[in-house]
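The structure appears below as C-alpha cells.
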Amino acid sequence: MRIIVPLQGVVQGRGGLVLGSVIPCALFYFLQLYLKRNRTSPQPQTDDAAGESGEVGNEEGVGSGLQRTVSNRSLVLPRGSGGPAHVSIRGSLVAKAAGNGGDGVLEMGVDENKLSYDLVGDWLQENAMLWAEGWNMSGIATSQPSDGLMQLKVIIPQAVAGFMSEAVERAVSFNPSQIVLTSGASSAIEMLSFCLADPGNAFLVPSPYNPGFDRDVKWRTGVEIIPVPCRSADNFNVSITALDRAFNQAKKRGQKVRGVIISNPSNPVGNLITREGLLDLVDFARDKNIHIISNEIFAGSSYGGEEFVSFAELTESVDIDCDRVHIVYDLSNDLSLPGFRTGLIYSFNKHVVAAATKLTRFSSVSAPTQRILVSMLSDTKFIENYIKTNREKLRRATAMFVAVLQELGIQCMKSRGGFCCWVDMSCLIRSYSEKGELELGDKLLSIGKVNVTPGSLCHCIEPGWFRFCFAALSEDDFPVIMVRLRKVSETCKVCS
C-alpha cells in the first residue's frame with residue numbers, strides 16, 4: 001500500500017484505481033525476475049565435499065542432529081575480494097610511530113615538553129608513598145565539590161604561589177579566594193570568555209597566536225576574536241597602536257570589544273612582554289573600559305635570560321585597576337604533566353571568581369590529581385631543581401634546533417620562553433601566499449615526515465612562517481630532523 005497510494009495520486013482520471021493496482025504488481029514481478037536471474041546458483045555438493053562436511057560435522061558434534069546450512073544472504077549478496085580499505089598517504093604517515101630516528105612522522109605540532117619527563121617520572125616513583133598518604137575511598141572516589149576539595153583549596157594556592165615565586169625568581173603572593181581551579185588552560189580561557197563577553201562581542205588578540213584560542217574562545221561561547229596583526233619587522237611584538245586601530249574599526253562596525261587576550265611568553269613566537277609593555281596594556285584597557293586576559297601558561301618555562309614579569313607581580317607593585325586583570329596559568333605545561341590538565345584562573349574581580357567557580361562543575365580537576373600535585377608542589381627542593389634543570393634543557397634544545405636551521409640556511413625568531421620556535425621558511429615556498437605556505441606544509445609532512453603548524457593557522461599575515469615545537473623532540477631526534485628538513489629544502493629548490 002505504500003507504493004499503491006502514491007501512484008493513485010499520480011494516475012488521474014478513469015481507471016486510476018486499476019492502474020494504481022496493476023503497476024505495483026508489475027514492478028514486483030520484474031523485481032522477482034531480476035533477482036532470480038542474478039542469484040548465484042548453489043553448486044552441487046561433490047562426494048569429496050560431502051565427505052569433508054561429514055568429517056567436520058563429526059568433530060563438532062553434528063551427529064547430535066544439528067547440521068550447518070548455507071546462509072541465504074551469501075546467495076543474494078556474493079562476496080568478492082575488494083582489496084584493503086584505502087587510507088591516504090598522509091594518514092598512513094601520521095599513523096606510524098615517530099621519534100628516535102624511525103621512519104614515522106616527527107610530531108612537532110603539539111606544544112608539549114617531553115624533555116623533562118624523566119624528572120617528573122623519577123619523582124613520582126620515588127615519592128609514591130608520600131603522595132598516596134591519606135588516600136581513602138571517601139577522599140578520592142566519592143563525589144567532591146566541583147571547584148576543588150575544601151581541604152586543598154588553601155594548600156594549592158600556597159603551593160602555586162611558591163612555584164610562581166621560583167619561576168619568576170621573585171616573591172609572588174596569591175590570595176586563595178581569588179583562585180579557581182580548572183581542567184587545563186583551555187577551560188580557563190573559555191570560562192573567562194563566557195564571564196566577560198556576550199555572544200557577538202569580541203576580544204582583541206595579537207597575532208600570530210595559538211590556534212587553540214579559536215576553539216577555546218569561540219566554539220561554545222559565541223564570542224568572536226579580532227586578530228591584531230604583528231609584523232616580523234617589529235619582532236612580532238604587541239603594538240598599542242595596532243590594538244587601538246583594531247578597537248576603533250570594530251567600534252565602527254558596531255561590534256563591542258570586551259577585552260584583550262595576550263600570551264606571556266607568547267605562543268608561537270616566544271617573546272616576553274616587558275614591564276613597560278604590560279603597563280601600556282593596562283592604560284589601554286582602562287582607556288577603552290575593557291578587560292585583560294593574561295595567558296601565562298609558560299611562566300616557569302622562560303629561558304632566554306630576560307626578565308619575565310607576571311601580572312600577579314605587577315598588581316602588587318603598581319596601582320592599577322585590578323578588576324580588569326585576569327591571569328590564566330597551567331601547571332600541566334610547566335610541570336611536564338599535560339595529561340593532568342590542571343589550570344587555574346587568578347582574578348581580582350569577585351564577580352568573575354563567583355561565576356567561574358560555578359562553571360567549574362563542567363571542568364573540575366579530579367581529587368587524585370589535586371593530591372598528587374599538592375605533594376609535588378610542596379616539595380620545594382624538587383621544584384627548585386626542576387625549574388632550574390628544565391630551563392637548562394629547554395635552552396639547550398632550542399640552541400640545538402636553531403643550529404639545525406642555520407645549517408640549512410633557514411632563519412627563525414629568537415625564542416625566550418615556551419616550547420616552540422617560530423621559523424621563517426618563506427624562502428622555500430613557490431608562491432608568497434597562503435596557498436604556497438600550505439603546499440610547503442604538505443611537503444614537510446609527506447616528504448620530510450615532520451608535522452608542524454603553518455603560520456596561517458596562527459593568523460600570521462606574512463606567508464611562510466611555521467611553528468616548530470622543539471620540546472617535543474629528544475636529543476636523538478635532532479640529527480633526524482636535520483636530514484628530513486634538508487630533504488624538503490632540496491626538493492623545493494629543485495621544483496622552483
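If you're wondering about the labels, chains in the C-alpha cells are A, B, ... by order shown, residues count from 1 in each chain, ligands from 1 in order shown.
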
Close residues, range 450-466 of chain A itself excluded, 9 Å, only C-alpha atoms, min 4 positions apart in chain, as number ranges by chain: A: 94, 104-110, 207-212, 227, 229-232, 268, 412, 421-429, 432-438, 440-446, 481, 484-485

Per DSSP on the backbone, what are the helix (DSSP H, G or I) residues of range 239-465 of chain A, as an NGL selection string? :A and (240-252 or 275-288 or 299-301 or 311-317 or 322-324 or 331-334 or 338-340 or 350-362 or 367-378 or 380-407 or 426-428 or 434-446 or 455-458)

Write out as a tab-separated table the residues of range 385-424 of chain A that have any atom within 10 Å of an atom of range 323-346 of chain A, one row each with the nearest atom pair and its distance in Å to one decimal, counting only C-alpha atoms, sorted by chain and then rising number.
residue	atom	partner	partner_atom	distance
A:Tyr386	CA	A:Leu335	CA	8.3
A:Ile387	CA	A:Asp334	CA	8.4
A:Asn390	CA	A:Asp334	CA	8.9
A:Gly418	CA	A:Asp334	CA	9.0
A:Phe419	CA	A:Asn333	CA	9.4

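In terms of minimum interatomic distance to Val223 in chain A, A:Asn201 ranks closest within A:Thr357, A:Asn201, A:Thr241, A:Ser263, counting only C-alpha atoms.
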
As a PyMOL selection string, please: every residue in range 309-457 of chain A that a backbone DSSP assignment puts in strand (DSSP E). chain A and resi 325-330+343-347+411-412+420-424+450-451+453-454

Got time to write the residues from that selection, C-alpha atoms, as a tab-separated table (two decimals), in the first residue's frame?
chain	number	residue	atom	x	y	z
A	325	VAL	CA	43.09	41.82	35.07
A	326	HIS	CA	42.59	38.04	34.86
A	327	ILE	CA	45.50	35.59	34.78
A	328	VAL	CA	45.42	32.09	33.28
A	329	TYR	CA	48.02	29.59	34.37
A	330	ASP	CA	48.56	25.89	33.62
A	343	GLY	CA	44.94	25.02	35.15
A	344	LEU	CA	43.68	27.97	37.12
A	345	ILE	CA	42.12	31.39	36.88
A	346	TYR	CA	43.51	34.10	39.11
A	347	SER	CA	41.18	37.09	39.01
A	411	GLN	CA	66.01	31.85	9.76
A	412	CYS	CA	63.89	31.94	12.92
A	420	CYS	CA	58.18	26.41	20.24
A	421	CYS	CA	60.37	28.07	17.67
A	422	TRP	CA	58.86	30.47	15.10
A	423	VAL	CA	60.58	29.60	11.82
A	424	ASP	CA	60.69	31.63	8.60
A	450	VAL	CA	57.55	16.31	10.01
A	451	ASN	CA	54.22	17.60	11.33
A	453	THR	CA	51.79	24.20	12.39
A	454	PRO	CA	51.54	26.59	9.40
